[in-house]
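Peer 1: This is the structure, below, for whatever I ask next.
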Amino acid sequence: MNIKKYTYNKPFRLDNGAELPHLEIAYQTYGKLNEKKDNVVWVCHALTANSDVFDWWKGLFGDNDLFNPKDHFIVCANILGSHYGTTSPLSTDPTAGEPYYLSFPRFNTRDMAGVQRILADHLGISEISVLIGGSLGGQQAMEWAIEQPARIRRLILIATNAVHSPWGIAFNESQRLALSADPTFGSKDPDAGKNGLKAARSIALLSYRNYDTYGISQQEVTNDKTDDFKASSYQNYQGEKLVKRFNAYSYWYLSKAMDSHNVARGRGPVNEVFRQIKSQTLVIGITSDLLFPPSEQRFIAEHINGAEYVEIDSFYGHDGFLIETEILTKEIGNFLKSTAYGS
């Protein structure tokens, strides 16, 4: 991965009034900015992803995909609080001389969008042709489009919401209960909370897929089993997989940030807030999504002026936004054609 880093050497003031004395932003770019500077595609990533969008969104982003470096200047920044290079709970607190851990200040999706804006300023990008995000990425993209409506020409929101739901918060709290039940969580050790993180990921998976997904993909081929089920092995495997690449502290803070997402907070009624978005907007829902059900995307589309709504049928639940790249390519491609300059 060709990860770049930008250090913002000014205090970064968070939405709650707290400050980070300086900010590091890890990011990757693909392709080149054209002469008109109108080919920027900016990606806001979800909970445990990173800046390498060509790795985790293959089929939609790649050398021969819809979003490719021949036609577009693609930017993906690692989000605030994440494990992959941007300032996070494992960064060094300059006042204490050691990692923040649980003394890291709370932040929210508006702060995440603020970090994206700082990087865009640094890169000299005044107009973003396409701003796209799914799930937590969509929450950030929404906040950015509200705060800087003139900067975002086209907005694509996938499997996301305007206000994080009680259902989503309950899932996140259950995961944090798993983290806090690990006696190592809270200790000043970057590897603390590993068992809790494994359990948290297992809980999260149930919200990312659904009954039918498990019923087919984890079905037993024999009637004789009484233990060691495929579904059990799958949960363990996925938990271990995350533990090997992420940390419990970032997971804790990012889940809290998602919980607090509410575009109306401090701004007035949702319908008035969404009127601030001037981007040509495509909202995509997934029929089988349990975590961000399609009613949440329909709500967004109904309140953003001129927004187009598409619902895709997927076996994969919420994870469909990462997996169903063929249908996403078709729907997003149609949207891009219909909103092209001069159309």
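To be explicit about the labels: the chains of the structure tokens are called A, B, and onward in the order shown, and within each one the residues are counted from 1, while ligands get numbers from 1 in the order they are shown.
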I'd like the neighbourhood of A:Asn68 as a short mmCIF file (atom, residue, chain, number, x, y, z; two decimals) with N, CA, C and O atoms, in the first residue's frame, where a residue qualifies if any of its atoms comes within 12 Å (using only C-alpha atoms), though same-chain residues fewer than 4 positions away should be ignored.

Peer 2:
data_model
loop_
_atom_site.label_atom_id
_atom_site.label_comp_id
_atom_site.auth_asym_id
_atom_site.auth_seq_id
_atom_site.Cartn_x
_atom_site.Cartn_y
_atom_site.Cartn_z
N THR A 29 -4.01 7.92 -2.72
CA THR A 29 -4.59 8.48 -3.94
C THR A 29 -4.27 7.55 -5.10
O THR A 29 -3.27 6.83 -5.09
N TYR A 30 -5.13 7.60 -6.10
CA TYR A 30 -4.97 6.77 -7.29
C TYR A 30 -5.31 7.65 -8.49
O TYR A 30 -6.30 8.37 -8.48
N GLY A 31 -4.48 7.59 -9.52
CA GLY A 31 -4.72 8.42 -10.69
C GLY A 31 -4.20 9.82 -10.49
O GLY A 31 -3.46 10.13 -9.54
N LYS A 32 -4.59 10.72 -11.41
CA LYS A 32 -4.11 12.10 -11.38
C LYS A 32 -5.26 13.07 -11.50
O LYS A 32 -6.26 12.80 -12.16
N ASN A 39 -12.28 15.74 -11.74
CA ASN A 39 -12.38 14.28 -11.80
C ASN A 39 -12.11 13.60 -10.46
O ASN A 39 -11.71 12.45 -10.40
N VAL A 40 -12.37 14.33 -9.36
CA VAL A 40 -12.09 13.79 -8.02
C VAL A 40 -13.22 12.86 -7.56
O VAL A 40 -14.39 13.25 -7.56
N VAL A 41 -12.85 11.66 -7.17
CA VAL A 41 -13.77 10.73 -6.52
C VAL A 41 -13.23 10.51 -5.11
O VAL A 41 -12.11 10.02 -4.93
N VAL A 53 -8.79 1.55 -0.79
CA VAL A 53 -10.11 1.23 -1.34
C VAL A 53 -10.03 0.21 -2.47
O VAL A 53 -10.98 -0.54 -2.72
N PHE A 54 -8.88 0.14 -3.16
CA PHE A 54 -8.73 -0.86 -4.22
C PHE A 54 -8.68 -2.27 -3.65
O PHE A 54 -8.89 -3.24 -4.37
N TRP A 57 -12.85 -2.61 -1.80
CA TRP A 57 -14.02 -2.38 -2.65
C TRP A 57 -13.72 -2.79 -4.09
O TRP A 57 -14.08 -2.11 -5.04
N LYS A 58 -13.05 -3.94 -4.22
CA LYS A 58 -12.73 -4.47 -5.54
C LYS A 58 -14.02 -4.73 -6.32
O LYS A 58 -15.01 -5.17 -5.77
N GLY A 59 -13.95 -4.45 -7.60
CA GLY A 59 -15.12 -4.61 -8.45
C GLY A 59 -15.81 -3.30 -8.71
O GLY A 59 -16.45 -3.12 -9.75
N LEU A 60 -15.70 -2.36 -7.79
CA LEU A 60 -16.21 -1.01 -7.99
C LEU A 60 -15.05 -0.04 -8.19
O LEU A 60 -15.13 0.88 -8.99
N PHE A 61 -13.94 -0.30 -7.44
CA PHE A 61 -12.72 0.50 -7.55
C PHE A 61 -11.57 -0.41 -7.98
O PHE A 61 -11.31 -1.43 -7.35
N GLY A 62 -10.91 -0.04 -9.04
CA GLY A 62 -9.80 -0.84 -9.55
C GLY A 62 -9.35 -0.35 -10.91
O GLY A 62 -10.01 0.51 -11.52
N ASP A 63 -8.28 -0.89 -11.41
CA ASP A 63 -7.71 -0.42 -12.68
C ASP A 63 -8.68 -0.56 -13.84
O ASP A 63 -8.64 0.24 -14.78
N ASN A 64 -9.55 -1.56 -13.78
CA ASN A 64 -10.49 -1.79 -14.89
C ASN A 64 -11.95 -1.71 -14.45
O ASN A 64 -12.84 -2.24 -15.11
N HIS A 72 -10.22 8.87 -13.21
CA HIS A 72 -10.55 9.58 -11.97
C HIS A 72 -9.31 9.79 -11.10
O HIS A 72 -8.35 9.01 -11.16
N PHE A 73 -9.36 10.84 -10.31
CA PHE A 73 -8.39 11.03 -9.22
C PHE A 73 -9.11 10.60 -7.95
O PHE A 73 -10.01 11.28 -7.46
N ILE A 74 -8.74 9.43 -7.46
CA ILE A 74 -9.46 8.80 -6.35
C ILE A 74 -8.69 9.04 -5.05
O ILE A 74 -7.48 8.82 -4.98
N VAL A 75 -9.41 9.49 -4.03
CA VAL A 75 -8.81 9.75 -2.72
C VAL A 75 -9.59 8.98 -1.66
O VAL A 75 -10.82 8.99 -1.65
N THR A 329 -22.13 -1.15 -9.76
CA THR A 329 -21.51 -0.55 -10.94
C THR A 329 -22.57 -0.11 -11.94
O THR A 329 -22.50 1.00 -12.49
#

Peer 1: Please provide as a VMD selection string all residues within 10 Å of A:Ala181, with the sequence filter that same-chain residues fewer than 2 positions apart are discarded (counting only C-alpha atoms).

Peer 2: chain A and resid 175 to 179 183 to 185 193 195 to 196 199

Peer 1: Have a look at A:Pro69, A:Gly137, A:Pro94, A:Gly285 and name the one nearest to A:Ser51; count only C-alpha atoms.

Peer 2: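 Checking each of A:Pro69, A:Gly137, A:Pro94, A:Gly285 against A:Ser51, counting only C-alpha atoms, the winner is A:Gly137.
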
Peer 1: List as a ChimeraX atom specification the protein and nucleic acid residues near A:Thr86, meaning an atom at most 9 Å away when only C-alpha atoms are counted, but skip any in the same chain fewer than 5 places from it.

Peer 2: /A:5,23-27,77-81,91

Peer 1: Mind writing the picked residues with C-alpha atoms as an mmCIF file, in the first residue's frame?

Peer 2:
data_model
loop_
_atom_site.group_PDB
_atom_site.id
_atom_site.type_symbol
_atom_site.label_atom_id
_atom_site.label_comp_id
_atom_site.auth_asym_id
_atom_site.auth_seq_id
_atom_site.Cartn_x
_atom_site.Cartn_y
_atom_site.Cartn_z
ATOM 1 C CA LYS A 5 0.569 11.009 5.613
ATOM 2 C CA LEU A 23 -3.585 15.624 13.637
ATOM 3 C CA GLU A 24 -2.071 12.984 11.386
ATOM 4 C CA ILE A 25 -4.103 11.818 8.401
ATOM 5 C CA ALA A 26 -3.187 8.653 6.509
ATOM 6 C CA TYR A 27 -4.521 8.501 2.970
ATOM 7 C CA ALA A 77 -8.468 8.852 3.795
ATOM 8 C CA ASN A 78 -8.230 6.666 6.865
ATOM 9 C CA ILE A 79 -10.841 7.957 9.304
ATOM 10 C CA LEU A 80 -10.237 9.696 12.616
ATOM 11 C CA GLY A 81 -9.789 7.178 15.432
ATOM 12 C CA SER A 91 -1.434 7.649 19.027
#

Peer 1: Leaving out A:Ser174 and any residue of its chain fewer than 5 positions from it, which residues lie within 10 Å of it when counting only C-alpha atoms, given as a list in words?

Peer 2: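 The residues that qualify are Gly168, Ile169, Leu179, Ser180, Ala199, Ala200, Ile203 and Ala204 of chain A.
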
Peer 1: Residues within 12 Å of A:Pro294, please, as a ChimeraX atom specification. Count only C-alpha atoms; anything in the same chain fewer than 4 positions from it doesn't count.

Peer 2: /A:157-161,283-290,298-301,309-314,317-318

Peer 1: Write out as a PyMOL selection string the residues lying within 6 Å of stretch 230-244 of chain A, counting only C-alpha atoms and excluding same-chain residues fewer than 3 positions away.

Peer 2: chain A and resi 198+201-202+218

Peer 1: Please, could you write that set of residues out with C-alpha atoms as a PDB file, in the first residue's frame?

Peer 2:
ATOM      1  CA  LYS A 198     -13.193 -11.178  19.035  1.00  0.00           C
ATOM      2  CA  ARG A 201     -16.884  -8.885  16.004  1.00  0.00           C
ATOM      3  CA  SER A 202     -18.927 -12.057  16.338  1.00  0.00           C
ATOM      4  CA  GLN A 218     -23.320 -22.234   7.215  1.00  0.00           C
TER       5      GLN A 218
END

Peer 1: Taking only C-alpha atoms into account, name the residue in A:His22, A:Lys330, A:Lys337, A:Arg13 that is nearest to A:Asp65.

Peer 2: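 Closest to A:Asp65, using only C-alpha atoms: A:Lys330.
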
Peer 1: Using Å and a single decimal, report how far atom CA of A:Phe67 sits from atom CA of A:Glu35.

Peer 2: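 Interatomic distance here is 18.3 Å.
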
Peer 1: Which one of A:Thr95, A:Thr48, A:Thr325, A:Gln148 sits closest to A:Ser82 if you count only C-alpha atoms?

Peer 2: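 Selected residue with least distance to A:Ser82: A:Thr48.
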
Peer 1: Using only C-alpha atoms, find each residue of stretch 145-175 of chain A with at least one atom at most 12 Å away from an atom of stretch 104-111 of chain A; report its shortest atom-to-atom pair and that distance in Å (one decimal), sort the rows by chain and rising residue number, and return the result as a Markdown table.

Peer 2:
| residue | atom | partner | partner_atom | distance |
| --- | --- | --- | --- | --- |
| A:Ala145 | CA | A:Arg110 | CA | 10.7 |
| A:Ile146 | CA | A:Arg110 | CA | 9.9 |
| A:Glu147 | CA | A:Arg110 | CA | 8.8 |
| A:Gln148 | CA | A:Arg110 | CA | 11.7 |
| A:Asn161 | CA | A:Thr109 | CA | 11.9 |
| A:Ala162 | CA | A:Thr109 | CA | 11.1 |
| A:Val163 | CA | A:Thr109 | CA | 10.9 |
| A:His164 | CA | A:Thr109 | CA | 10.8 |

Peer 1: What is the atom CA of A:Ser165-atom CA of A:Ser255 distance in Å, reported with one decimal?

Peer 2: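 About the pair atom CA of A:Ser165 and atom CA of A:Ser255: they are 12.7 Å apart.
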
Peer 1: Quick one: DSSP strand (DSSP E) residues in stretch 103-166 of chain A, as a ChimeraX atom specification?

Peer 2: /A:128-134,152-158
